[in-house]
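Novice: Shown below is the structure under consideration.
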Amino acid sequence: MKILKKIICICLVAILAAGLFPSAQTEVYAAGKPVQLVSCKLNSGGSKVTVKAKVAGKQKGMGNKLYLFSVDANVKENAKLTGKPVASANFKKGTVTFSVKYKSSMLCQKFVAAYKKGKKYAAISGAQYITNPEVLASYTGTGVKTTSKKGLQPDWADHTSVKKLRTQHVVLNWSIEEILNKDCGNKEVYKYRGKKYTFDRDRVNWLQDQVRQYIDDGSKVYVILLLGKDAKGQAGKMSYGGGKIFSSIKTTSAAGCRTWEAFMSYMAEKFGNEQHLVSGWILGNEVDSPYDWNYAGGKSLSAYMDDYARAFRIAYNATKSVSSHSKVYISLDYNWNQDVDGGGNSFFSTKKTLDTFYSKLKAQGKICPNIAYHAYSQGLVEPKFWDDSLAGSGVDSTIITMKNISVLTEYVKKKIGKDATIMLAEQAFNSTQGEELQAATYAYAYYISEGNKMIESFIYARDTEPQSDVDQGFYWGLRDINGRERKIYNTFKVIDSKESLDKTKNLLSYTDLSSWTQIPGIKKSTFKNNRSIKNKWPLVQSTSLYVCLADDNWQRETTYVYDGKKHKPAVTVKRNYTGKTVPKKNYSVKYLTDCRSIGVHRIQIKLKGDFRGTIIREFTIAPQNAMLNDLVMTSNSATVSWNVPKKTKEQITGYMIQYTDGEGGFYSTPEKDIHLIKIKNSNKLKYTIKGLTKGKRYFVRITTYKTVMVDGKPKDIIAGWGYDDIKYDYATDPVVPEPDTEEDTLE
C-alpha cells in the first residue's frame, strides 16, 4: 500500500509538471518565483519607471515574452491579471529590464511580472513598488531647523504653552474621519484616479493654521493619524469596525485601499509645503497592541502586517512624492519580547511586529521606515526606569524602556540601517513619588536621548493633566489638572538650553548618577552652543517672512529679458503679517547663479541673530520674443511666419505657438481649448497649422523658449505670451482677384 501511495504521488507531481492542471501550475510558478523583481525606480526626471528582474529560468509553455503589469496595491500577486501589460521584454535567463512611461496612477501601485498563456496572463513574480518617489517632490526643504530633541504633545491647539516652553518638536493627534467627512458644511471635493472624495474644507484650513503657527513658533510638526472604529462614510471604508477605540487602515478591499491612497495624496498636497509642513506622519497608535489601539479584525500577525505594510507604503509614496524629506513612522510600545495575550491575535510582541513589518515592506521594495516608540517606565506608574527589572541589556530583553533604549537603537541600526530614525513619541513620568523625582526622571531620560544619535526627538506626552489620566492613577502632566506648574515644567523649559546641565544638577541626588556626564554621549560641552534661557524665544522662522526683489511685480515675481548683462536685484526681507522690514544685519545675501544667462536664477538669504533659517528666492531671465507677421489663411489651415533677431536665434531652443477658435481669444477661452505647438528648431521661421474648420475665426500667438536644467529636470523658459502681438483671421478659401479688363468707355 505504501508503494502504491508513493507511485500515485509521483504521478500527480508529473501531471502537474506537464501542465495538465493549468490553475495549479500558475500557483506553483507564483509561489516558486522563477522571476524576481529586484528594483523599481523612477528616473531623475520622474518620467520613466525602470523595473529590473532576475530570471532563474522558464518552463515549457511560458512563451518567449515576459510581461510587466502595474496593479492596485490591494490586488494579490497570484491573482488573475486583467487589463493590458505596461511593458514586455524577451523571456531569457539572467537580468531583464523593463522601461515604462510613468503615470501618476502608478505611484501607489505595484509591479508584477507575468507570462502569457493563450489569451490570459499569469503572475510569475513577487511585487515591487516604486522606491524613490521623492524624485517627484515639489518641496525639497527640511522645514524648521531645530537645535535639540525636545518635544511635546501639547494641549489641544495651545500655542502659548509650546512657545513659552521653547518646544522644538510638536506631535499632534488628528482624526481621519473628521477630515474626510461628507457631512460637513463647507465641502471640498477632491478627485483622485477618477473618483471623488469629500473633505471638510473648514477643518483642513483650521489644521493648516495650527501647523503654520507651530512652525512660526519654531517647532517641527508631526501628526498621528487615527481612524475611529466607528468611522462612517468614505472613512468607514477603511475601518475594521471593532476593537476598543481605533481601527487599523483597511487596505485589503479595493474601496478601502483607494480611499487611503486618496486621503494620503490629499494630505500630502495640503501639508507638504514650507508654510504648512508636516515633517512626519505616524500611522496609528501602538500597532503591536491591535485590540487596544489599532484593531485589524483579529488577524494573524503575518496577515495584519501585510495590511499595515501596504498602508505604510501608500502613505510613504504619497508623502515623499510631494515633500522629499517628510517621514512616515510605525508606532510601537515597550513590550519588546512580551506577548500580552500569550500567542493570541489581540497583542503581539514589539520585536516580532517590527521584524514582520519590515520583512513585508522590504520584500516589495526596500525603503527606510522610521519608528515612533513609547518607552514608558515598567508598569507605567513607577517613574524610576533605571530600576526596571524586565529591561535587560540584550536583544532578548522582555521590555525596552529608557533604561535599555540602546538595545532598540542598536537593533534598528543593524536590522534596518543607520538612516532609520527613532522618535520617542510618547513619554511621561508619574509624580506620585514627588515632583522632584518626576523632574529628575525626565532630565535623566532626556539626556539619554540627547546622547543617542539614532534618536531624533523626545516627546513628552502631557502638558496639562487630563481627568482620564487621574482616574487611572497617572499624574504625568507638566501641569496638574488645575493648570498648576509642577517642577518638571521648568525642567522641561531649560533642558535644552545652554545652561541645561547647571540648571538640572540639583536633580542628580534623586537618580542613581553622580554626574549627567556618566550618560553616554553627554559631555560638559554638549549644550554650549545652544541658545541661552535668557535669550529671546522663539526665533523668527523663515516661514514668517517674505522676500521682495527690486523689480518685483504685484505677484512678487521678477523676470528680466536677456541682454547679456548681469542682473542682481536688491533684496528686502519683510514680516508676513505686519509687512515690517527686517534689518539687514539679520541676514546675508548670496547670488547662487551667474545672473546673466537665460534660465532660473537663485538668491540665498541666510538669516541670523534672532531670525532662523534660509530663504531661497528665484527670478528668471527670459529670451527675447519673436514678432508675428500676418497670417495666411485657407479654409482648413493657417500659415504663421515670424521674425526674430539673429542673436536671439542663437540663444533659444525654439518656439511655441498657441492657437484657439474661442470667441474670447486668449482672454477668456478655457485652457483646454487652447492648442499648443512646440517647434524645436530656432532657425525655422514659418509653420502651417492644419486641420482648421472653415468659417471659424482663429487667434494665434507665439513665444520663444529655451530649455534649461533646474534641479536636474528640464524646464522651458518662455519669453511670455503677450496680448499685444496676437493675430487673428477667418479660415476661408483665399480670395482670387478677378483679372483686370479694359472696356471701351467712349461714347
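Ligands are numbered from 1 in the order shown, chains are lettered A, B, ... in the order of the C-alpha cells, and residues start at 1 in each chain.
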Do you know which residues are at most 7 Å from range 576-585 of chain A counting only C-alpha atoms, after dropping those on the same chain fewer than 5 positions away, and could you put them as a list in words?
Specialist: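 My reading of the contact set: Ser544, Leu545 and Tyr546 of chain A.
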Novice: Which residues, written as a PDB file with N, CA and C atoms, in the first residue's frame, have at least one atom at most 8 Å from Trp293 in chain A, with only C-alpha atoms counted and residues fewer than 4 positions away on the same chain left out?
Specialist:
ATOM      1  N   GLY A 243     -12.640  46.383  18.002  1.00  0.00           N
ATOM      2  CA  GLY A 243     -11.636  46.803  18.956  1.00  0.00           C
ATOM      3  C   GLY A 243     -12.192  47.791  19.958  1.00  0.00           C
ATOM      4  N   LYS A 244     -11.299  48.483  20.660  1.00  0.00           N
ATOM      5  CA  LYS A 244     -11.721  49.399  21.723  1.00  0.00           C
ATOM      6  C   LYS A 244     -11.960  50.821  21.220  1.00  0.00           C
ATOM      7  N   ILE A 245     -10.969  51.388  20.528  1.00  0.00           N
ATOM      8  CA  ILE A 245     -11.066  52.804  20.162  1.00  0.00           C
ATOM      9  C   ILE A 245     -10.791  53.040  18.687  1.00  0.00           C
ATOM     10  N   PHE A 246      -9.631  52.550  18.224  1.00  0.00           N
ATOM     11  CA  PHE A 246      -9.193  52.883  16.870  1.00  0.00           C
ATOM     12  C   PHE A 246      -9.082  51.646  15.982  1.00  0.00           C
ATOM     13  N   SER A 247      -9.206  51.896  14.687  1.00  0.00           N
ATOM     14  CA  SER A 247      -9.078  50.836  13.685  1.00  0.00           C
ATOM     15  C   SER A 247      -7.782  51.014  12.912  1.00  0.00           C
ATOM     16  N   GLY A 284      -1.307  55.297  13.052  1.00  0.00           N
ATOM     17  CA  GLY A 284      -1.929  54.558  14.136  1.00  0.00           C
ATOM     18  C   GLY A 284      -1.174  54.723  15.446  1.00  0.00           C
ATOM     19  N   ASN A 285      -1.622  53.979  16.441  1.00  0.00           N
ATOM     20  CA  ASN A 285      -1.029  54.058  17.772  1.00  0.00           C
ATOM     21  C   ASN A 285      -0.723  52.656  18.291  1.00  0.00           C
ATOM     22  N   GLU A 286       0.529  52.423  18.685  1.00  0.00           N
ATOM     23  CA  GLU A 286       0.953  51.145  19.275  1.00  0.00           C
ATOM     24  C   GLU A 286       0.371  49.959  18.497  1.00  0.00           C
ATOM     25  N   VAL A 287       0.825  49.813  17.278  1.00  0.00           N
ATOM     26  CA  VAL A 287       0.229  48.818  16.381  1.00  0.00           C
ATOM     27  C   VAL A 287       0.512  47.381  16.821  1.00  0.00           C
ATOM     28  N   SER A 289      -0.254  46.375  19.634  1.00  0.00           N
ATOM     29  CA  SER A 289      -1.393  46.065  20.507  1.00  0.00           C
ATOM     30  C   SER A 289      -2.695  46.381  19.762  1.00  0.00           C
TER      31      SER A 289
END
Novice: For the contact check between range 549-578 of chain A and range 598-618 of chain A, emit one row per residue of range 549-578 of chain A within 10 Å, containing the shortest atom pair and the distance in Å rounded to one decimal, counting only C-alpha atoms, chain then rising number order, as a Markdown table.
Specialist:
| residue | atom | partner | partner_atom | distance |
| --- | --- | --- | --- | --- |
| A:Leu549 | CA | A:Arg617 | CA | 8.7 |
| A:Glu557 | CA | A:Glu618 | CA | 8.3 |
| A:Thr558 | CA | A:Glu618 | CA | 8.1 |
| A:Thr559 | CA | A:Val600 | CA | 9.4 |
| A:Tyr560 | CA | A:Ile598 | CA | 9.1 |
| A:Val561 | CA | A:Ile598 | CA | 8.3 |
| A:Tyr562 | CA | A:Ile598 | CA | 6.2 |
| A:Asp563 | CA | A:Ile598 | CA | 9.4 |
| A:Gly564 | CA | A:Ile598 | CA | 9.1 |
| A:His567 | CA | A:His601 | CA | 9.7 |
| A:Lys568 | CA | A:Ile603 | CA | 8.9 |
| A:Pro569 | CA | A:Ile603 | CA | 9.3 |
| A:Val571 | CA | A:Ile605 | CA | 8.6 |
| A:Thr572 | CA | A:Ile605 | CA | 9.8 |
| A:Val573 | CA | A:Ile605 | CA | 8.7 |
Novice: Need the shell around Asn337 in chain A: protein/DNA/RNA residues with any atom at most 9 Å away, counting only C-alpha atoms. Skip same-chain ones fewer than 4 positions apart. Format as a PyMOL selection string?
Specialist: chain A and resi 348-352+395-400
Novice: Name the residues in contact with Lys182 in chain A at a cut-off of 9 Å, using only C-alpha atoms, excluding same-chain residues fewer than 5 positions from it; report them as a ChimeraX atom specification.
Specialist: /A:187-188,197-200,233-234
Novice: What does the file look like for those residues with all heavy atoms, as a compact mmCIF listing (two decimals), in the first residue's frame?
Specialist:
# COMPACT_ATOMS: atom_id res chain seq x y z
N LYS A 187 -17.74 71.82 2.01
CA LYS A 187 -17.15 70.63 1.38
C LYS A 187 -16.07 71.01 0.36
O LYS A 187 -16.20 71.98 -0.37
CB LYS A 187 -18.23 69.80 0.68
CG LYS A 187 -19.29 69.23 1.60
CD LYS A 187 -20.33 68.46 0.78
CE LYS A 187 -21.32 67.73 1.67
NZ LYS A 187 -22.13 68.65 2.49
N GLU A 188 -15.03 70.20 0.32
CA GLU A 188 -14.04 70.28 -0.75
C GLU A 188 -14.00 68.92 -1.43
O GLU A 188 -13.64 67.92 -0.82
CB GLU A 188 -12.66 70.65 -0.23
CG GLU A 188 -11.62 70.72 -1.35
CD GLU A 188 -10.24 71.12 -0.88
OE1 GLU A 188 -10.08 71.40 0.33
OE2 GLU A 188 -9.33 71.16 -1.72
N TYR A 197 -13.77 62.39 -3.63
CA TYR A 197 -13.71 62.23 -2.18
C TYR A 197 -13.99 63.59 -1.54
O TYR A 197 -13.50 64.62 -2.01
CB TYR A 197 -12.34 61.69 -1.76
CG TYR A 197 -12.03 60.35 -2.38
CD1 TYR A 197 -11.46 60.26 -3.66
CD2 TYR A 197 -12.36 59.18 -1.73
CE1 TYR A 197 -11.20 59.03 -4.24
CE2 TYR A 197 -12.11 57.94 -2.31
CZ TYR A 197 -11.53 57.87 -3.57
OH TYR A 197 -11.29 56.65 -4.15
N THR A 198 -14.76 63.58 -0.46
CA THR A 198 -15.21 64.84 0.15
C THR A 198 -14.47 65.11 1.45
O THR A 198 -14.53 64.31 2.39
CB THR A 198 -16.72 64.80 0.41
OG1 THR A 198 -17.40 64.50 -0.81
CG2 THR A 198 -17.19 66.15 0.93
N PHE A 199 -13.80 66.25 1.50
CA PHE A 199 -13.05 66.67 2.68
C PHE A 199 -13.71 67.90 3.30
O PHE A 199 -14.37 68.69 2.62
CB PHE A 199 -11.61 67.00 2.30
CG PHE A 199 -10.79 65.79 1.94
CD1 PHE A 199 -10.85 65.25 0.66
CD2 PHE A 199 -9.98 65.18 2.87
CE1 PHE A 199 -10.11 64.13 0.31
CE2 PHE A 199 -9.23 64.06 2.54
CZ PHE A 199 -9.29 63.53 1.26
N ASP A 200 -13.53 68.04 4.60
CA ASP A 200 -14.06 69.18 5.33
C ASP A 200 -13.09 70.35 5.17
O ASP A 200 -12.05 70.41 5.81
CB ASP A 200 -14.21 68.81 6.81
CG ASP A 200 -14.92 69.90 7.61
OD1 ASP A 200 -14.85 71.07 7.21
OD2 ASP A 200 -15.53 69.56 8.65
N GLY A 233 -19.20 56.66 6.39
CA GLY A 233 -19.00 57.28 5.09
C GLY A 233 -17.76 56.75 4.39
O GLY A 233 -17.41 55.58 4.50
N GLN A 234 -17.07 57.64 3.68
CA GLN A 234 -15.89 57.21 2.95
C GLN A 234 -14.79 56.77 3.90
O GLN A 234 -14.06 55.81 3.61
CB GLN A 234 -15.40 58.35 2.05
CG GLN A 234 -16.34 58.62 0.88
CD GLN A 234 -15.86 59.74 -0.03
OE1 GLN A 234 -15.36 60.75 0.44
NE2 GLN A 234 -16.02 59.56 -1.32
Novice: Near Gly242 in chain A, counting only C-alpha atoms, which residues have an atom at most 9 Å away, once you skip same-chain residues fewer than 3 positions from it, shown as a list in words?
Specialist: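 Close residues of Gly242 in chain A: Lys229, Asp230, Ser239, Ile245, Phe246, Ser247, Tyr291, Tyr295, Ala296 and Gly297 of chain A.
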Novice: Produce a file of the selected residues containing all heavy atoms, as a PDB file, in the first residue's frame.
Specialist:
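That gives us again24.pdb:
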ATOM      1  N   LYS A 229     -12.927  53.471  15.282  1.00  0.00           N
ATOM      2  CA  LYS A 229     -13.511  52.169  14.938  1.00  0.00           C
ATOM      3  C   LYS A 229     -14.932  52.296  14.392  1.00  0.00           C
ATOM      4  O   LYS A 229     -15.411  51.416  13.685  1.00  0.00           O
ATOM      5  CB  LYS A 229     -13.503  51.243  16.155  1.00  0.00           C
ATOM      6  CG  LYS A 229     -14.435  51.634  17.291  1.00  0.00           C
ATOM      7  CD  LYS A 229     -14.300  50.685  18.466  1.00  0.00           C
ATOM      8  CE  LYS A 229     -15.265  51.003  19.593  1.00  0.00           C
ATOM      9  NZ  LYS A 229     -16.680  50.752  19.220  1.00  0.00           N
ATOM     10  N   ASP A 230     -15.604  53.399  14.723  1.00  0.00           N
ATOM     11  CA  ASP A 230     -16.980  53.601  14.265  1.00  0.00           C
ATOM     12  C   ASP A 230     -17.070  54.607  13.114  1.00  0.00           C
ATOM     13  O   ASP A 230     -18.128  55.199  12.886  1.00  0.00           O
ATOM     14  CB  ASP A 230     -17.849  54.085  15.429  1.00  0.00           C
ATOM     15  CG  ASP A 230     -17.931  53.053  16.549  1.00  0.00           C
ATOM     16  OD1 ASP A 230     -18.024  51.851  16.236  1.00  0.00           O
ATOM     17  OD2 ASP A 230     -17.891  53.457  17.733  1.00  0.00           O
ATOM     18  N   SER A 239     -12.219  51.251   7.716  1.00  0.00           N
ATOM     19  CA  SER A 239     -12.274  50.811   9.110  1.00  0.00           C
ATOM     20  C   SER A 239     -12.684  49.345   9.239  1.00  0.00           C
ATOM     21  O   SER A 239     -13.529  48.858   8.486  1.00  0.00           O
ATOM     22  CB  SER A 239     -13.260  51.687   9.890  1.00  0.00           C
ATOM     23  OG  SER A 239     -13.399  51.217  11.207  1.00  0.00           O
ATOM     24  N   ILE A 245     -10.969  51.388  20.528  1.00  0.00           N
ATOM     25  CA  ILE A 245     -11.066  52.804  20.162  1.00  0.00           C
ATOM     26  C   ILE A 245     -10.791  53.040  18.687  1.00  0.00           C
ATOM     27  O   ILE A 245     -11.606  53.619  17.972  1.00  0.00           O
ATOM     28  CB  ILE A 245     -10.076  53.653  21.007  1.00  0.00           C
ATOM     29  CG1 ILE A 245     -10.281  53.406  22.499  1.00  0.00           C
ATOM     30  CG2 ILE A 245     -10.255  55.139  20.700  1.00  0.00           C
ATOM     31  CD1 ILE A 245      -9.243  54.094  23.378  1.00  0.00           C
ATOM     32  N   PHE A 246      -9.631  52.550  18.224  1.00  0.00           N
ATOM     33  CA  PHE A 246      -9.193  52.883  16.870  1.00  0.00           C
ATOM     34  C   PHE A 246      -9.082  51.646  15.982  1.00  0.00           C
ATOM     35  O   PHE A 246      -8.875  50.531  16.455  1.00  0.00           O
ATOM     36  CB  PHE A 246      -7.834  53.592  16.902  1.00  0.00           C
ATOM     37  CG  PHE A 246      -7.842  54.864  17.704  1.00  0.00           C
ATOM     38  CD1 PHE A 246      -7.069  54.973  18.851  1.00  0.00           C
ATOM     39  CD2 PHE A 246      -8.631  55.933  17.315  1.00  0.00           C
ATOM     40  CE1 PHE A 246      -7.074  56.136  19.601  1.00  0.00           C
ATOM     41  CE2 PHE A 246      -8.647  57.102  18.059  1.00  0.00           C
ATOM     42  CZ  PHE A 246      -7.867  57.208  19.201  1.00  0.00           C
ATOM     43  N   SER A 247      -9.206  51.896  14.687  1.00  0.00           N
ATOM     44  CA  SER A 247      -9.078  50.836  13.685  1.00  0.00           C
ATOM     45  C   SER A 247      -7.782  51.014  12.912  1.00  0.00           C
ATOM     46  O   SER A 247      -7.334  52.138  12.673  1.00  0.00           O
ATOM     47  CB  SER A 247     -10.255  50.885  12.711  1.00  0.00           C
ATOM     48  OG  SER A 247     -10.044  50.020  11.608  1.00  0.00           O
ATOM     49  N   TYR A 291      -5.708  45.142  19.483  1.00  0.00           N
ATOM     50  CA  TYR A 291      -7.040  45.139  20.102  1.00  0.00           C
ATOM     51  C   TYR A 291      -7.291  46.445  20.855  1.00  0.00           C
ATOM     52  O   TYR A 291      -8.380  47.011  20.804  1.00  0.00           O
ATOM     53  CB  TYR A 291      -7.208  43.947  21.046  1.00  0.00           C
ATOM     54  CG  TYR A 291      -8.597  43.902  21.655  1.00  0.00           C
ATOM     55  CD1 TYR A 291      -9.693  43.486  20.889  1.00  0.00           C
ATOM     56  CD2 TYR A 291      -8.812  44.315  22.961  1.00  0.00           C
ATOM     57  CE1 TYR A 291     -10.969  43.478  21.422  1.00  0.00           C
ATOM     58  CE2 TYR A 291     -10.090  44.310  23.507  1.00  0.00           C
ATOM     59  CZ  TYR A 291     -11.173  43.893  22.731  1.00  0.00           C
ATOM     60  OH  TYR A 291     -12.440  43.903  23.250  1.00  0.00           O
ATOM     61  N   TYR A 295      -7.095  48.139  15.881  1.00  0.00           N
ATOM     62  CA  TYR A 295      -7.804  46.893  15.590  1.00  0.00           C
ATOM     63  C   TYR A 295      -7.790  46.547  14.102  1.00  0.00           C
ATOM     64  O   TYR A 295      -8.039  47.403  13.247  1.00  0.00           O
ATOM     65  CB  TYR A 295      -9.245  47.003  16.068  1.00  0.00           C
ATOM     66  CG  TYR A 295     -10.029  45.721  15.919  1.00  0.00           C
ATOM     67  CD1 TYR A 295      -9.758  44.621  16.723  1.00  0.00           C
ATOM     68  CD2 TYR A 295     -11.042  45.622  14.969  1.00  0.00           C
ATOM     69  CE1 TYR A 295     -10.479  43.439  16.586  1.00  0.00           C
ATOM     70  CE2 TYR A 295     -11.767  44.447  14.833  1.00  0.00           C
ATOM     71  CZ  TYR A 295     -11.484  43.360  15.636  1.00  0.00           C
ATOM     72  OH  TYR A 295     -12.195  42.199  15.500  1.00  0.00           O
ATOM     73  N   ALA A 296      -7.492  45.272  13.815  1.00  0.00           N
ATOM     74  CA  ALA A 296      -7.402  44.825  12.420  1.00  0.00           C
ATOM     75  C   ALA A 296      -8.189  43.545  12.186  1.00  0.00           C
ATOM     76  O   ALA A 296      -7.803  42.700  11.377  1.00  0.00           O
ATOM     77  CB  ALA A 296      -5.941  44.626  12.026  1.00  0.00           C
ATOM     78  N   GLY A 297      -9.288  43.370  12.900  1.00  0.00           N
ATOM     79  CA  GLY A 297     -10.161  42.235  12.641  1.00  0.00           C
ATOM     80  C   GLY A 297      -9.679  40.921  13.212  1.00  0.00           C
ATOM     81  O   GLY A 297     -10.127  39.857  12.771  1.00  0.00           O
TER      82      GLY A 297
END
Novice: Among range 101-191 of chain A, which ones does DSSP place in helix (DSSP H, G or I), written as a VMD selection string?
Specialist: chain A and resid 104 to 106 133 to 136 159 to 164 176 to 179
Novice: Choose the residue, out of A:Ser457, A:Pro85, A:Phe91, A:Pro133, that has the smallest atom-to-atom separation from Tyr121 in chain A; count only C-alpha atoms.
Specialist: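 With only C-alpha atoms as the atom set, the closest residue is A:Pro85.
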Novice: For Ser39 in chain A, please output as a tab-separated table (two decimals) with N, CA, C and O atoms, in the first residue's frame all residues within 12 Å (counting only C-alpha atoms; exclusion window: fewer than 3 positions along the same chain).
Specialist:
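This is the output file around_39.tsv:
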chain	number	residue	atom	x	y	z
A	36	GLN	N	12.24	37.16	-10.28
A	36	GLN	CA	12.28	38.02	-9.10
A	36	GLN	C	12.51	39.46	-9.52
A	36	GLN	O	13.51	39.77	-10.19
A	42	LEU	N	12.16	55.37	-10.39
A	42	LEU	CA	11.92	56.45	-11.34
A	42	LEU	C	13.25	57.03	-11.79
A	42	LEU	O	14.22	57.06	-11.02
A	49	VAL	N	9.73	54.78	-15.43
A	49	VAL	CA	9.98	53.78	-14.38
A	49	VAL	C	10.81	52.66	-14.98
A	49	VAL	O	10.45	52.11	-16.03
A	50	THR	N	11.90	52.33	-14.32
A	50	THR	CA	12.73	51.20	-14.75
A	50	THR	C	12.59	50.07	-13.74
A	50	THR	O	12.87	50.26	-12.55
A	51	VAL	N	12.14	48.92	-14.22
A	51	VAL	CA	11.96	47.75	-13.37
A	51	VAL	C	12.94	46.67	-13.83
A	51	VAL	O	12.95	46.31	-15.01
A	52	LYS	N	13.74	46.18	-12.90
A	52	LYS	CA	14.71	45.14	-13.24
A	52	LYS	C	14.28	43.81	-12.61
A	52	LYS	O	13.82	43.78	-11.47
A	53	ALA	N	14.45	42.75	-13.38
A	53	ALA	CA	14.06	41.42	-12.93
A	53	ALA	C	15.21	40.44	-13.12
A	53	ALA	O	16.00	40.57	-14.07
A	54	LYS	N	15.30	39.47	-12.21
A	54	LYS	CA	16.24	38.37	-12.38
A	54	LYS	C	15.44	37.11	-12.72
A	54	LYS	O	14.52	36.75	-11.99
A	95	THR	N	19.32	38.87	-16.26
A	95	THR	CA	18.68	40.14	-15.91
A	95	THR	C	17.84	40.66	-17.06
A	95	THR	O	18.31	40.73	-18.20
A	96	VAL	N	16.61	41.00	-16.76
A	96	VAL	CA	15.69	41.57	-17.76
A	96	VAL	C	15.27	42.95	-17.25
A	96	VAL	O	14.94	43.12	-16.08
A	97	THR	N	15.29	43.94	-18.14
A	97	THR	CA	14.94	45.31	-17.76
A	97	THR	C	13.71	45.78	-18.52
A	97	THR	O	13.63	45.66	-19.74
A	98	PHE	N	12.75	46.31	-17.77
A	98	PHE	CA	11.54	46.90	-18.36
A	98	PHE	C	11.63	48.42	-18.22
A	98	PHE	O	12.04	48.94	-17.18
A	99	SER	N	11.20	49.11	-19.25
A	99	SER	CA	11.14	50.57	-19.21
A	99	SER	C	9.69	51.00	-19.45
A	99	SER	O	9.09	50.62	-20.45
A	110	LYS	N	1.71	48.54	-7.54
A	110	LYS	CA	2.88	47.66	-7.52
A	110	LYS	C	3.01	46.99	-8.89
A	110	LYS	O	2.04	46.87	-9.64
A	111	PHE	N	4.22	46.58	-9.20
A	111	PHE	CA	4.51	45.95	-10.48
A	111	PHE	C	4.77	44.46	-10.28
A	111	PHE	O	5.42	44.06	-9.31
A	112	VAL	N	4.23	43.65	-11.19
A	112	VAL	CA	4.47	42.20	-11.17
A	112	VAL	C	4.78	41.73	-12.58
A	112	VAL	O	4.29	42.29	-13.56
A	126	GLY	N	7.04	38.05	-7.44
A	126	GLY	CA	6.52	38.87	-6.37
A	126	GLY	C	6.35	40.29	-6.89
A	126	GLY	O	6.59	40.58	-8.05
A	127	ALA	N	5.92	41.18	-6.01
A	127	ALA	CA	5.63	42.56	-6.42
A	127	ALA	C	6.72	43.52	-5.96
A	127	ALA	O	7.43	43.27	-4.99
A	128	GLN	N	6.81	44.64	-6.68
A	128	GLN	CA	7.71	45.73	-6.30
A	128	GLN	C	6.99	47.05	-6.51
A	128	GLN	O	6.30	47.26	-7.52
A	129	TYR	N	7.16	47.95	-5.53
A	129	TYR	CA	6.66	49.31	-5.65
A	129	TYR	C	7.80	50.25	-6.05
A	129	TYR	O	8.98	49.91	-5.87
A	130	ILE	N	7.46	51.42	-6.53
A	130	ILE	CA	8.45	52.46	-6.75
A	130	ILE	C	9.10	52.79	-5.41
A	130	ILE	O	8.40	53.03	-4.41
A	131	THR	N	10.43	52.82	-5.36
A	131	THR	CA	11.12	53.02	-4.10
A	131	THR	C	11.77	54.40	-3.96
A	131	THR	O	12.37	54.69	-2.91
A	132	ASN	N	11.67	55.24	-4.97
A	132	ASN	CA	12.24	56.59	-4.86
A	132	ASN	C	11.23	57.66	-5.27
A	132	ASN	O	11.49	58.48	-6.16
A	362	LYS	N	10.24	45.32	3.04
A	362	LYS	CA	11.48	45.14	2.26
A	362	LYS	C	11.28	44.23	1.06
A	362	LYS	O	11.87	44.44	0.00
A	363	ALA	N	10.44	43.20	1.21
A	363	ALA	CA	10.23	42.24	0.13
A	363	ALA	C	9.64	42.88	-1.12
A	363	ALA	O	9.80	42.36	-2.22
A	364	GLN	N	8.96	44.01	-0.96
A	364	GLN	CA	8.30	44.64	-2.11
A	364	GLN	C	8.94	45.98	-2.48
A	364	GLN	O	8.31	46.85	-3.08
A	365	GLY	N	10.22	46.11	-2.14
A	365	GLY	CA	10.96	47.31	-2.48
A	365	GLY	C	11.50	47.98	-1.25
A	365	GLY	O	10.74	48.49	-0.43
A	366	LYS	N	12.82	47.98	-1.09
A	366	LYS	CA	13.43	48.46	0.15
A	366	LYS	C	13.31	49.97	0.29
A	366	LYS	O	13.75	50.74	-0.56
A	367	ILE	N	12.69	50.40	1.37
A	367	ILE	CA	12.64	51.79	1.77
A	367	ILE	C	13.00	51.86	3.25
A	367	ILE	O	13.10	50.82	3.91
Novice: Restricting the calculation to only C-alpha atoms: of A:Thr82, A:Thr688, A:Asn404, A:Asn625, which residue gets closest to Ser70 in chain A?
Specialist: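 Of A:Thr82, A:Thr688, A:Asn404, A:Asn625, the one nearest Ser70 in chain A, counting only C-alpha atoms, is A:Thr82.
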Novice: Find the distance between CA of Phe458 in chain A and CA of Lys149 in chain A and write it in Å to one decimal.
Specialist: 5.5 Å
Novice: Would you please extract all strand (DSSP E) residues from range 415-555 of chain A, as assigned by DSSP on the backbone, and give them as a list in words?
Specialist: Ile422, Met423, Leu424, Ala425, Glu426, Gln427, Ile455, Glu456, Ser457, Phe458, Ile459, Tyr460, Val540, Gln541, Leu545, Tyr546, Val547, Cys548 and Leu549 of chain A
Novice: Mind pulling up the distance from CA of Met106 in chain A to CA of Ala318 in chain A?
Specialist: 10.9 Å
Novice: Which one is closest to Lys413 in chain A: A:Asn370, A:Thr441, A:Thr511, A:Ser431? Count only C-alpha atoms.
Specialist: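 Closest residue, counting only C-alpha atoms: A:Asn370.
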Novice: Nearest residue to Gly344 in chain A out of A:Lys590, A:Lys299, A:Lys487, A:Lys690, using only C-alpha atoms?
Specialist: A:Lys299
Novice: Would you compute the distance between CA of Gln109 in chain A and CA of Val71 in chain A? Give it in Å to one decimal.
Specialist: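 Interatomic distance, CA of Gln109 in chain A to CA of Val71 in chain A: 5.5 Å.
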Novice: Please tabulate, as JSON lines, the residues of range 572-651 of chain A that come within 12 Å of range 661-681 of chain A, each with its closest pair of atoms and the distance in Å to one decimal, counting only C-alpha atoms and ordering rows by chain, then residue number upward.
Specialist:
{"residue": "A:Val640", "atom": "CA", "partner": "A:Ile677", "partner_atom": "CA", "distance": 11.6}
{"residue": "A:Lys649", "atom": "CA", "partner": "A:Asn681", "partner_atom": "CA", "distance": 9.1}
{"residue": "A:Glu650", "atom": "CA", "partner": "A:Asn681", "partner_atom": "CA", "distance": 10.6}
{"residue": "A:Gln651", "atom": "CA", "partner": "A:Asn681", "partner_atom": "CA", "distance": 11.5}
Novice: Would you save the residues from that selection as an mmCIF file, in the first residue's frame, using C-alpha atoms?
Specialist:
data_model
loop_
_atom_site.group_PDB
_atom_site.id
_atom_site.type_symbol
_atom_site.label_atom_id
_atom_site.label_comp_id
_atom_site.auth_asym_id
_atom_site.auth_seq_id
_atom_site.Cartn_x
_atom_site.Cartn_y
_atom_site.Cartn_z
ATOM 1 C CA VAL A 640 2.268 81.545 -39.498
ATOM 2 C CA LYS A 649 18.055 82.604 -32.510
ATOM 3 C CA GLU A 650 21.462 81.592 -31.206
ATOM 4 C CA GLN A 651 20.246 81.709 -27.601
#
